[in-house]
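Source file: entry_20.pdb; contents: PDB, C-alpha atoms and all ligand atoms.
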ATOM      1  CA  MET A   1      -6.485 -52.190  -1.823
ATOM      2  CA  ALA A   2      -5.321 -48.848  -3.086
ATOM      3  CA  PRO A   3      -1.624 -48.594  -3.956
ATOM      4  CA  ALA A   4       0.430 -47.064  -1.152
ATOM      5  CA  SER A   5       1.297 -43.997  -3.207
ATOM      6  CA  SER A   6      -2.347 -42.968  -3.618
ATOM      7  CA  VAL A   7      -3.140 -43.132   0.099
ATOM      8  CA  GLN A   8       0.013 -41.356   1.100
ATOM      9  CA  LYS A   9      -0.903 -37.794   1.898
ATOM     10  CA  GLU A  10       1.166 -35.135   0.260
ATOM     11  CA  LYS A  11       2.976 -33.202   2.929
ATOM     12  CA  VAL A  12       2.918 -29.463   2.839
ATOM     13  CA  ASN A  13       6.212 -27.710   2.760
ATOM     14  CA  GLU A  14       6.564 -27.368   6.521
ATOM     15  CA  HIS A  15      10.022 -25.855   6.448
ATOM     16  CA  CYS A  16       8.787 -23.006   4.327
ATOM     17  CA  ARG A  17       7.516 -19.883   6.063
ATOM     18  CA  VAL A  18       5.852 -17.544   3.636
ATOM     19  CA  PRO A  19       5.984 -13.785   4.340
ATOM     20  CA  ARG A  20       2.519 -12.405   5.115
ATOM     21  CA  ALA A  21       1.143  -8.911   4.553
ATOM     22  CA  LEU A  22      -2.241  -7.498   5.552
ATOM     23  CA  THR A  23      -3.971  -4.719   3.641
ATOM     24  CA  VAL A  24      -6.609  -2.613   5.384
ATOM     25  CA  ALA A  25      -8.304  -0.776   2.529
ATOM     26  CA  GLY A  26     -11.356  -0.316   0.330
ATOM     27  CA  SER A  27     -12.610  -2.617  -2.407
ATOM     28  CA  ASP A  28     -12.442  -1.323  -5.989
ATOM     29  CA  SER A  29     -14.916  -3.232  -8.171
ATOM     30  CA  GLY A  30     -12.823  -2.311 -11.230
ATOM     31  CA  ALA A  31      -9.891  -3.991  -9.443
ATOM     32  CA  GLY A  32      -7.207  -1.513 -10.481
ATOM     33  CA  ALA A  33      -6.798   0.078  -7.056
ATOM     34  CA  GLY A  34      -7.687  -0.690  -3.434
ATOM     35  CA  ILE A  35      -7.739  -4.169  -1.928
ATOM     36  CA  GLN A  36      -7.612  -5.822  -5.332
ATOM     37  CA  ALA A  37      -4.435  -3.982  -6.398
ATOM     38  CA  ASP A  38      -2.844  -4.698  -3.029
ATOM     39  CA  LEU A  39      -3.528  -8.440  -3.131
ATOM     40  CA  LYS A  40      -2.287  -8.730  -6.714
ATOM     41  CA  THR A  41       0.872  -6.848  -5.766
ATOM     42  CA  PHE A  42       1.500  -9.046  -2.727
ATOM     43  CA  PHE A  43       1.028 -12.132  -4.901
ATOM     44  CA  ALA A  44       3.378 -10.889  -7.612
ATOM     45  CA  LEU A  45       6.048 -10.140  -5.019
ATOM     46  CA  GLY A  46       5.887 -13.541  -3.343
ATOM     47  CA  VAL A  47       3.971 -12.496  -0.232
ATOM     48  CA  TYR A  48       0.788 -14.096   1.123
ATOM     49  CA  GLY A  49      -1.785 -11.317   1.254
ATOM     50  CA  THR A  50      -4.708 -10.999   3.645
ATOM     51  CA  CYS A  51      -7.219  -8.165   3.870
ATOM     52  CA  ALA A  52      -9.559  -6.202   6.100
ATOM     53  CA  ILE A  53     -12.058  -4.346   3.929
ATOM     54  CA  THR A  54     -13.063  -0.869   5.126
ATOM     55  CA  ALA A  55     -15.474   0.097   2.354
ATOM     56  CA  VAL A  56     -16.973  -1.200  -0.844
ATOM     57  CA  THR A  57     -16.772   1.155  -3.814
ATOM     58  CA  ALA A  58     -18.700   0.780  -7.055
ATOM     59  CA  GLN A  59     -16.300   1.963  -9.734
ATOM     60  CA  ASN A  60     -14.658   1.291 -13.056
ATOM     61  CA  THR A  61     -11.862   2.947 -15.015
ATOM     62  CA  GLN A  62     -14.021   6.079 -15.395
ATOM     63  CA  GLY A  63     -14.658   6.775 -11.750
ATOM     64  CA  VAL A  64     -16.379   5.972  -8.476
ATOM     65  CA  THR A  65     -20.198   5.914  -8.549
ATOM     66  CA  ALA A  66     -20.988   4.843  -4.976
ATOM     67  CA  VAL A  67     -19.309   4.085  -1.660
ATOM     68  CA  HIS A  68     -20.553   1.955   1.215
ATOM     69  CA  TYR A  69     -18.513   1.996   4.437
ATOM     70  CA  LEU A  70     -18.350  -1.067   6.630
ATOM     71  CA  PRO A  71     -19.096  -0.673  10.334
ATOM     72  CA  PRO A  72     -15.840  -0.094  12.277
ATOM     73  CA  GLU A  73     -16.547  -3.224  14.362
ATOM     74  CA  MET A  74     -16.508  -5.326  11.196
ATOM     75  CA  VAL A  75     -13.141  -3.861  10.202
ATOM     76  CA  ALA A  76     -11.841  -4.728  13.672
ATOM     77  CA  GLU A  77     -13.207  -8.299  13.422
ATOM     78  CA  GLN A  78     -11.406  -8.876  10.128
ATOM     79  CA  ILE A  79      -8.082  -7.696  11.581
ATOM     80  CA  ASP A  80      -8.576  -9.862  14.707
ATOM     81  CA  ALA A  81      -9.438 -12.937  12.624
ATOM     82  CA  VAL A  82      -6.408 -12.629  10.357
ATOM     83  CA  VAL A  83      -3.891 -11.783  13.052
ATOM     84  CA  ALA A  84      -5.064 -14.459  15.510
ATOM     85  CA  ASP A  85      -4.529 -17.264  13.029
ATOM     86  CA  ILE A  86      -2.402 -16.279  10.054
ATOM     87  CA  GLY A  87      -0.308 -13.452  11.484
ATOM     88  CA  CYS A  88       1.342 -10.716   9.485
ATOM     89  CA  ASP A  89       4.842  -9.444   8.872
ATOM     90  CA  ALA A  90       3.730  -6.086   7.454
ATOM     91  CA  VAL A  91       0.527  -4.055   7.235
ATOM     92  CA  LYS A  92      -0.574  -1.521   4.678
ATOM     93  CA  THR A  93      -3.481   0.896   5.070
ATOM     94  CA  GLY A  94      -5.222   2.495   2.104
ATOM     95  CA  MET A  95      -8.735   3.954   1.910
ATOM     96  CA  LEU A  96     -10.019   4.212   5.482
ATOM     97  CA  GLY A  97     -13.063   6.405   4.840
ATOM     98  CA  THR A  98     -14.192   7.628   8.238
ATOM     99  CA  ALA A  99     -12.721   8.848  11.519
ATOM    100  CA  ALA A 100     -14.268   5.882  13.347
ATOM    101  CA  ILE A 101     -12.526   3.409  11.023
ATOM    102  CA  VAL A 102      -9.173   5.229  11.360
ATOM    103  CA  GLU A 103      -9.575   5.063  15.121
ATOM    104  CA  VAL A 104     -10.349   1.354  15.259
ATOM    105  CA  VAL A 105      -7.537   0.468  12.835
ATOM    106  CA  ALA A 106      -4.996   2.399  14.925
ATOM    107  CA  ALA A 107      -6.303   0.715  18.096
ATOM    108  CA  LYS A 108      -5.982  -2.768  16.550
ATOM    109  CA  ILE A 109      -2.466  -2.078  15.259
ATOM    110  CA  LEU A 110      -1.479  -1.075  18.780
ATOM    111  CA  GLU A 111      -3.320  -3.955  20.461
ATOM    112  CA  HIS A 112      -1.727  -6.587  18.213
ATOM    113  CA  ARG A 113       1.621  -4.736  18.133
ATOM    114  CA  LEU A 114       1.660  -4.955  14.347
ATOM    115  CA  LYS A 115       5.014  -4.072  12.846
ATOM    116  CA  ASN A 116       6.055  -2.627   9.502
ATOM    117  CA  LEU A 117       3.034  -0.388   8.987
ATOM    118  CA  VAL A 118       2.885   1.420   5.646
ATOM    119  CA  VAL A 119       0.253   4.173   5.609
ATOM    120  CA  ASP A 120      -0.947   5.303   2.203
ATOM    121  CA  PRO A 121      -2.948   8.381   3.244
ATOM    122  CA  VAL A 122      -5.600   7.966   0.538
ATOM    123  CA  MET A 123      -7.917  10.992   0.474
ATOM    124  CA  VAL A 124      -9.479  11.552  -2.950
ATOM    125  CA  ALA A 125      -9.952   9.304  -6.026
ATOM    126  CA  LYS A 126      -8.639  10.482  -9.399
ATOM    127  CA  SER A 127     -12.260  11.057 -10.378
ATOM    128  CA  GLY A 128     -12.629  13.481  -7.453
ATOM    129  CA  HIS A 129     -14.687  11.180  -5.202
ATOM    130  CA  LEU A 130     -13.806  11.580  -1.501
ATOM    131  CA  LEU A 131     -12.236   8.430  -0.024
ATOM    132  CA  LEU A 132     -11.519   9.930   3.394
ATOM    133  CA  ASP A 133     -13.877  12.180   5.316
ATOM    134  CA  PRO A 134     -11.930  15.467   5.737
ATOM    135  CA  ALA A 135     -12.897  15.294   9.429
ATOM    136  CA  ALA A 136     -10.842  12.090   9.677
ATOM    137  CA  VAL A 137      -7.536  13.691   8.608
ATOM    138  CA  SER A 138      -6.651  14.720  12.155
ATOM    139  CA  ASN A 139      -7.305  11.149  13.395
ATOM    140  CA  LEU A 140      -5.054   9.833  10.654
ATOM    141  CA  ALA A 141      -2.314  12.304  11.606
ATOM    142  CA  LYS A 142      -2.602  11.846  15.373
ATOM    143  CA  GLN A 143      -3.490   8.164  15.728
ATOM    144  CA  LEU A 144      -2.079   6.330  12.724
ATOM    145  CA  LEU A 145       1.039   8.222  11.620
ATOM    146  CA  PRO A 146       2.861   7.769  14.951
ATOM    147  CA  LEU A 147       2.568   3.988  14.368
ATOM    148  CA  ALA A 148       3.798   4.106  10.769
ATOM    149  CA  ARG A 149       7.178   2.901   9.584
ATOM    150  CA  VAL A 150       6.485   4.574   6.255
ATOM    151  CA  VAL A 151       3.872   7.082   5.075
ATOM    152  CA  THR A 152       3.488   7.566   1.313
ATOM    153  CA  PRO A 153       1.640  10.810   0.484
ATOM    154  CA  ASN A 154       1.404  12.122  -3.056
ATOM    155  CA  LEU A 155       1.838  15.886  -3.456
ATOM    156  CA  ALA A 156      -1.831  16.701  -2.758
ATOM    157  CA  GLU A 157      -1.888  14.491   0.353
ATOM    158  CA  ALA A 158       1.448  15.959   1.489
ATOM    159  CA  GLU A 159      -0.128  19.424   1.321
ATOM    160  CA  VAL A 160      -2.955  18.336   3.615
ATOM    161  CA  LEU A 161      -0.690  16.535   6.109
ATOM    162  CA  ALA A 162       2.033  19.208   6.163
ATOM    163  CA  GLN A 163      -0.523  22.036   6.115
ATOM    164  CA  MET A 164       1.387  23.959   3.475
ATOM    165  CA  GLN A 165       1.374  24.382  -0.276
ATOM    166  CA  VAL A 166       3.763  21.940  -1.893
ATOM    167  CA  THR A 167       4.814  23.388  -5.212
ATOM    168  CA  GLY A 168       7.176  20.543  -6.131
ATOM    169  CA  THR A 169      10.814  19.672  -5.524
ATOM    170  CA  GLY A 170      11.445  23.299  -4.496
ATOM    171  CA  ASN A 171       9.797  22.887  -1.095
ATOM    172  CA  TRP A 172       8.935  19.226  -0.666
ATOM    173  CA  LYS A 173      11.780  18.711   1.832
ATOM    174  CA  GLU A 174      10.077  21.146   4.180
ATOM    175  CA  ALA A 175       6.801  19.212   3.761
ATOM    176  CA  ALA A 176       8.589  15.911   4.449
ATOM    177  CA  LYS A 177      10.053  17.344   7.658
ATOM    178  CA  ARG A 178       6.636  18.491   8.824
ATOM    179  CA  ILE A 179       5.076  15.101   8.066
ATOM    180  CA  ALA A 180       7.921  13.292   9.843
ATOM    181  CA  GLY A 181       7.081  15.519  12.803
ATOM    182  CA  LEU A 182       3.710  13.753  12.995
ATOM    183  CA  GLY A 183       5.536  10.567  13.968
ATOM    184  CA  ALA A 184       6.111   8.412  10.880
ATOM    185  CA  ARG A 185       9.611   6.929  10.834
ATOM    186  CA  TYR A 186      10.035   7.399   7.048
ATOM    187  CA  VAL A 187       8.198   9.798   4.743
ATOM    188  CA  LEU A 188       8.005   9.037   1.022
ATOM    189  CA  ILE A 189       6.497  11.904  -0.978
ATOM    190  CA  THR A 190       5.604  10.552  -4.400
ATOM    191  CA  GLY A 191       6.186  12.964  -7.243
ATOM    192  CA  GLY A 192       4.521  11.046 -10.054
ATOM    193  CA  HIS A 193       2.324  14.046 -10.832
ATOM    194  CA  LEU A 194       5.317  16.326 -11.470
ATOM    195  CA  PRO A 195       6.620  16.818 -15.012
ATOM    196  CA  GLY A 196       9.820  14.990 -16.037
ATOM    197  CA  PRO A 197      11.081  11.707 -14.608
ATOM    198  CA  ALA A 198       9.025  10.063 -11.825
ATOM    199  CA  VAL A 199      10.997  11.204  -8.769
ATOM    200  CA  ASP A 200      10.008  10.561  -5.157
ATOM    201  CA  LEU A 201      11.541  11.961  -1.975
ATOM    202  CA  LEU A 202      12.382   9.580   0.888
ATOM    203  CA  TYR A 203      13.159  11.121   4.280
ATOM    204  CA  ASP A 204      14.233   9.187   7.373
ATOM    205  CA  GLY A 205      14.203  12.106   9.789
ATOM    206  CA  ARG A 206      17.845  12.957   9.058
ATOM    207  CA  GLU A 207      18.667  12.442   5.409
ATOM    208  CA  PHE A 208      16.867  12.912   2.127
ATOM    209  CA  MET A 209      17.108  10.387  -0.700
ATOM    210  CA  GLU A 210      15.623  10.648  -4.180
ATOM    211  CA  VAL A 211      14.148   7.576  -5.837
ATOM    212  CA  SER A 212      13.708   7.948  -9.558
ATOM    213  CA  SER A 213      12.527   6.103 -12.645
ATOM    214  CA  ALA A 214      11.845   7.116 -16.241
ATOM    215  CA  ARG A 215       8.341   8.447 -16.872
ATOM    216  CA  ILE A 216       6.018   6.138 -18.783
ATOM    217  CA  GLU A 217       3.466   7.969 -20.927
ATOM    218  CA  THR A 218       0.248   6.045 -20.315
ATOM    219  CA  THR A 219      -3.310   6.672 -19.156
ATOM    220  CA  SER A 220      -3.236   3.336 -17.273
ATOM    221  CA  THR A 221      -2.334   4.913 -13.965
ATOM    222  CA  HIS A 222      -5.309   3.932 -11.814
ATOM    223  CA  GLY A 223      -4.122   2.421  -8.543
ATOM    224  CA  THR A 224      -0.470   3.414  -8.926
ATOM    225  CA  GLY A 225      -0.288   4.754  -5.353
ATOM    226  CA  CYS A 226      -1.986   1.648  -3.918
ATOM    227  CA  THR A 227       0.359  -0.600  -5.859
ATOM    228  CA  TYR A 228       3.452   1.316  -4.766
ATOM    229  CA  SER A 229       2.594   1.259  -1.055
ATOM    230  CA  ALA A 230       1.550  -2.418  -1.214
ATOM    231  CA  ALA A 231       4.861  -3.278  -2.887
ATOM    232  CA  ILE A 232       6.737  -1.453  -0.114
ATOM    233  CA  ALA A 233       4.794  -3.446   2.498
ATOM    234  CA  ALA A 234       5.645  -6.652   0.606
ATOM    235  CA  GLY A 235       9.346  -5.752   0.758
ATOM    236  CA  LEU A 236       9.153  -5.060   4.486
ATOM    237  CA  ALA A 237       7.308  -8.376   5.013
ATOM    238  CA  ARG A 238      10.230 -10.084   3.257
ATOM    239  CA  GLY A 239      12.670  -8.414   5.631
ATOM    240  CA  LEU A 240      14.049  -5.660   3.395
ATOM    241  CA  ASP A 241      14.928  -2.343   5.016
ATOM    242  CA  VAL A 242      12.882   0.704   4.006
ATOM    243  CA  PRO A 243      15.204   2.206   1.332
ATOM    244  CA  GLU A 244      15.601  -1.217  -0.314
ATOM    245  CA  ALA A 245      11.857  -1.970  -0.092
ATOM    246  CA  VAL A 246      11.159   1.412  -1.725
ATOM    247  CA  ARG A 247      13.720   0.768  -4.462
ATOM    248  CA  VAL A 248      12.260  -2.650  -5.332
ATOM    249  CA  ALA A 249       8.700  -1.265  -5.145
ATOM    250  CA  LYS A 250       9.600   1.578  -7.498
ATOM    251  CA  GLU A 251      10.972  -0.934 -10.016
ATOM    252  CA  TYR A 252       7.788  -2.988  -9.739
ATOM    253  CA  VAL A 253       5.520   0.043 -10.321
ATOM    254  CA  HIS A 254       7.663   1.091 -13.277
ATOM    255  CA  ALA A 255       7.268  -2.386 -14.812
ATOM    256  CA  ALA A 256       3.518  -2.368 -14.058
ATOM    257  CA  LEU A 257       3.086   0.989 -15.855
ATOM    258  CA  LYS A 258       5.300  -0.034 -18.760
ATOM    259  CA  GLY A 259       3.429  -3.311 -19.208
ATOM    260  CA  ALA A 260      -0.059  -1.810 -18.875
ATOM    261  CA  PHE A 261      -2.726  -2.911 -21.360
ATOM    262  CA  PRO A 262      -5.804  -1.048 -22.602
ATOM    263  CA  LEU A 263      -8.866  -1.721 -20.443
ATOM    264  CA  GLY A 264     -12.044   0.335 -20.070
ATOM    265  CA  LYS A 265     -12.690   3.838 -21.357
ATOM    266  CA  GLY A 266     -10.989   5.850 -18.618
ATOM    267  CA  HIS A 267      -7.838   5.437 -16.535
ATOM    268  CA  GLY A 268      -7.017   1.743 -16.828
ATOM    269  CA  PRO A 269      -5.170  -0.341 -14.243
ATOM    270  CA  THR A 270      -1.442  -0.952 -14.161
ATOM    271  CA  ASN A 271      -0.249  -4.433 -15.088
ATOM    272  CA  HIS A 272       0.309  -6.268 -11.824
ATOM    273  CA  TRP A 273       1.709  -9.277 -13.702
ATOM    274  CA  ALA A 274       4.534  -7.259 -15.211
ATOM    275  CA  GLY A 275       7.908  -8.300 -13.893
ATOM    276  CA  TYR A 276       6.268 -11.326 -12.253
ATOM    277  CA  GLN A 277       9.193 -13.566 -13.209
ATOM    278  CA  ALA A 278      11.808 -10.943 -12.485
ATOM    279  CA  HIS A 279      10.398 -10.330  -9.028
ATOM    280  CA  GLY A 280      10.268 -14.040  -8.319
ATOM    281  CA  ALA A 281       7.022 -15.022  -6.618
ATOM    282  CA  GLY A 282       7.614 -18.232  -4.667
ATOM    283  CA  ARG A 283      11.371 -17.845  -4.919
ATOM    284  CA  THR A 284      11.260 -15.009  -2.400
ATOM    285  CA  ALA A 285       9.393 -17.217   0.062
ATOM    286  CA  GLY A 286      11.994 -19.907  -0.289
ATOM    287  CA  CYS A 287       9.384 -22.446  -1.462
ATOM    288  CA  GLY A 288       9.804 -24.931  -4.301
TER     289      GLY A 288
HETATM  290  O1  LIG B   1      -5.992   5.096  -5.543
HETATM  291  C1  LIG B   1      -6.634   5.398  -4.366
HETATM  292  C2  LIG B   1      -7.754   4.452  -4.068
HETATM  293  C3  LIG B   1      -7.652   3.624  -2.985
HETATM  294  N1  LIG B   1      -8.615   2.753  -2.644
HETATM  295  C4  LIG B   1      -9.730   2.654  -3.377
HETATM  296  C5  LIG B   1      -9.892   3.453  -4.486
HETATM  297  C6  LIG B   1      -8.878   4.381  -4.861
HETATM  298  C7  LIG B   1      -9.027   5.221  -6.026
HETATM  299  O2  LIG B   1      -9.998   5.219  -6.723
HETATM  300  O3  LIG B   1     -10.996   3.335  -5.193
HETATM  301  C8  LIG B   1     -10.774   1.671  -2.982
END
Could you write out this structure as structure tokens?
Ligand code: PXL
Amino acid sequence: MAPASSVQKEKVNEHCRVPRALTVAGSDSGAGAGIQADLKTFFALGVYGTCAITAVTAQNTQGVTAVHYLPPEMVAEQIDAVVADIGCDAVKTGMLGTAAIVEVVAAKILEHRLKNLVVDPVMVAKSGHLLLDPAAVSNLAKQLLPLARVVTPNLAEAEVLAQMQVTGTGNWKEAAKRIAGLGARYVLITGGHLPGPAVDLLYDGREFMEVSSARIETTSTHGTGCTYSAAIAAGLARGLDVPEAVRVAKEYVHAALKGAFPLGKGHGPTNHWAGYQAHGAGRTAGCG
């Protein structure tokens, strides 16, 4: 007869409820951006990550060579499957690709009453490849932004959403006001492309806050926007409020840029492991 200890089943930690975040985004075969960056970020920040893939991109650190969009029904099925069983405490959207996908994602967020939506309005890859059909921008603005707790445009995306030239800190408050007018509760314009320290503008519809970190001189910047918005979603999934989630996410991105390693011949990925201990995976979920 087997000793009692070997037949005793190990019990899972039933008291422990792990925060869950869903990313709805494109796959990056080079794994620096997109779904892969999001899942690594969720993991590093102690959040269980799930995903609904919108498109498969063939790419590496030098650029995107091909894109294949999934049928909108398949995107919807992935969201249904995850939400019905696993649930989610926050959702992040990245590359959505087409108007039909934007539409179905907005419909599913409404249907399942998904909370804590972070919209990263991904439009163009660093290499210039289009990641959102320009005809889908109005769907994004009209259908998705009103559901968003946070929208995280960079300066180029802010120009498209606000329909004005954004020259920098001189007029980005006006752009933030216009984007807030589309319905997002918080607007975070990321200023990483500006010279000087990496300063972002957070607007809650009433007040402006600046979030800043020292600039890191590196070419390993691929996926920075994905990583930032995923980290914000992770914070919201853990119950942080938006300014605190943004602050923690900014620290994480700073560490990921600082700790980046050489990889590939182009723009390498950030280091999603960086700050892994400091940001306490597991500890945040309250699990042993
Ligand atoms: O960084 C924006 C982005 C988002 N999602 C996917 C991407 C990229 C940039 O290349 O490939 C899948």
Among listed residues A:Ala76, A:Ala158, A:Ile109, A:Val82, nearest Ala141 of chain A (using all atoms listed in the file)
A:Ala158
Build an axis-aligned box that encloses every atom of ligand LIG 1 (chain B) listed in the file, pad it by 6 Å on each side, and report its centre and edge lengths in Å to one decimal, as lines of an AutoDock Vina configuration file.
center_x = -8.5
center_y = 3.5
center_z = -4.7
size_x = 17.0
size_y = 15.7
size_z = 16.1
Which residues are near ligand LIG 1 (chain B) - at most 6 Å, using only C-alpha atoms and all ligand atoms? Format: as a PDB file with C-alpha atoms, in the coordinates of the input.
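What follows is the written file out_9.pdb:
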ATOM      1  CA  GLY A  26     -11.356  -0.316   0.330  1.00  0.00           C
ATOM      2  CA  SER A  27     -12.610  -2.617  -2.407  1.00  0.00           C
ATOM      3  CA  ASP A  28     -12.442  -1.323  -5.989  1.00  0.00           C
ATOM      4  CA  ALA A  33      -6.798   0.078  -7.056  1.00  0.00           C
ATOM      5  CA  GLY A  34      -7.687  -0.690  -3.434  1.00  0.00           C
ATOM      6  CA  GLY A  94      -5.222   2.495   2.104  1.00  0.00           C
ATOM      7  CA  MET A  95      -8.735   3.954   1.910  1.00  0.00           C
ATOM      8  CA  VAL A 122      -5.600   7.966   0.538  1.00  0.00           C
ATOM      9  CA  ALA A 125      -9.952   9.304  -6.026  1.00  0.00           C
ATOM     10  CA  GLY A 223      -4.122   2.421  -8.543  1.00  0.00           C
ATOM     11  CA  GLY A 225      -0.288   4.754  -5.353  1.00  0.00           C
ATOM     12  CA  CYS A 226      -1.986   1.648  -3.918  1.00  0.00           C
TER      13      CYS A 226
END
Surrounding residues of Thr218 of chain A excluding itself and chain neighbours under 2 positions, 9 Å, all atoms listed in the file, as a ChimeraX atom specification:
/A:216,220-221,257-258,260,267
Selection in question (the file shown): the PyMOL selection byres (((chain A and resi 207) around 12) and not hetatm). Which residues does it include, as a PDB file with C-alpha atoms, keeping the file's coordinate frame?
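This is the output file expr-v2.pdb:
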ATOM      1  CA  LYS A 173      11.780  18.711   1.832  1.00  0.00           C
ATOM      2  CA  ALA A 176       8.589  15.911   4.449  1.00  0.00           C
ATOM      3  CA  LYS A 177      10.053  17.344   7.658  1.00  0.00           C
ATOM      4  CA  ALA A 180       7.921  13.292   9.843  1.00  0.00           C
ATOM      5  CA  ARG A 185       9.611   6.929  10.834  1.00  0.00           C
ATOM      6  CA  TYR A 186      10.035   7.399   7.048  1.00  0.00           C
ATOM      7  CA  VAL A 187       8.198   9.798   4.743  1.00  0.00           C
ATOM      8  CA  LEU A 201      11.541  11.961  -1.975  1.00  0.00           C
ATOM      9  CA  LEU A 202      12.382   9.580   0.888  1.00  0.00           C
ATOM     10  CA  TYR A 203      13.159  11.121   4.280  1.00  0.00           C
ATOM     11  CA  ASP A 204      14.233   9.187   7.373  1.00  0.00           C
ATOM     12  CA  GLY A 205      14.203  12.106   9.789  1.00  0.00           C
ATOM     13  CA  ARG A 206      17.845  12.957   9.058  1.00  0.00           C
ATOM     14  CA  PHE A 208      16.867  12.912   2.127  1.00  0.00           C
ATOM     15  CA  MET A 209      17.108  10.387  -0.700  1.00  0.00           C
ATOM     16  CA  GLU A 210      15.623  10.648  -4.180  1.00  0.00           C
ATOM     17  CA  PRO A 243      15.204   2.206   1.332  1.00  0.00           C
TER      18      PRO A 243
END
Could you write out as a list in words the residues that the PyMOL selection byres (((chain A and resi 169) around 12) and not hetatm) matches in the shown file?
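Evaluating the PyMOL selection byres (((chain A and resi 169) around 12) and not hetatm) on this file yields Leu155, Gln165, Val166, Thr167, Gly168, Gly170, Asn171, Trp172, Lys173, Glu174, Ala175, Ala176, Ile189, Thr190, Gly191, Gly192, His193, Leu194, Pro195, Gly196, Ala198, Val199, Asp200, Leu201, Phe208 and Glu210 of chain A.
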Check what the PyMOL selection byres (((chain A and resi 117) around 7) and not hetatm) selects in the file above and give those residues as an mmCIF file with C-alpha atoms, keeping the file's coordinate frame.
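Contents of result_28.cif, freshly written:
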data_model
loop_
_atom_site.group_PDB
_atom_site.id
_atom_site.type_symbol
_atom_site.label_atom_id
_atom_site.label_comp_id
_atom_site.auth_asym_id
_atom_site.auth_seq_id
_atom_site.Cartn_x
_atom_site.Cartn_y
_atom_site.Cartn_z
ATOM 1 C CA ALA A 90 3.730 -6.086 7.454
ATOM 2 C CA VAL A 91 0.527 -4.055 7.235
ATOM 3 C CA LYS A 92 -0.574 -1.521 4.678
ATOM 4 C CA LYS A 115 5.014 -4.072 12.846
ATOM 5 C CA ASN A 116 6.055 -2.627 9.502
ATOM 6 C CA VAL A 118 2.885 1.420 5.646
ATOM 7 C CA VAL A 119 0.253 4.173 5.609
ATOM 8 C CA LEU A 147 2.568 3.988 14.368
ATOM 9 C CA ALA A 148 3.798 4.106 10.769
ATOM 10 C CA ARG A 149 7.178 2.901 9.584
ATOM 11 C CA VAL A 150 6.485 4.574 6.255
#
Find the residues around segment 56-70 of chain A up to 7 Å (all atoms listed in the file counted), leave out those fewer than 4 positions away in its own chain, and share them as an NGL selection string.
:A and (26-30 or 74-75 or 127 or 129 or 264-268)
Which residue, A:Ala162, A:Ala100, A:Ala237, A:Ile79, has the smallest gap to Tyr48 of chain A when you use all atoms listed in the file?
A:Ala237
Tell me, in Å to one decimal, how far atom CA of Asp85 of chain A is from atom CA of Gly32 of chain A.
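Rounded to one decimal, the two atoms are 28.4 Å apart.
With all atoms listed in the file as the atoms that count, the residue of A:Phe42, A:Ser229, A:His222, A:Leu22 with the shortest distance to Pro121 of chain A is A:Ser229.
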Which residues are close to Ala234 of chain A, i.e. within 12 Å by all atoms listed in the file, leaving aside same-chain residues fewer than 5 positions away? Reply as a PyMOL selection string.
chain A and resi 18-23+38-50+88-92+116-118+227-229+239-242+244-246+248-249+252+279+281+284-285
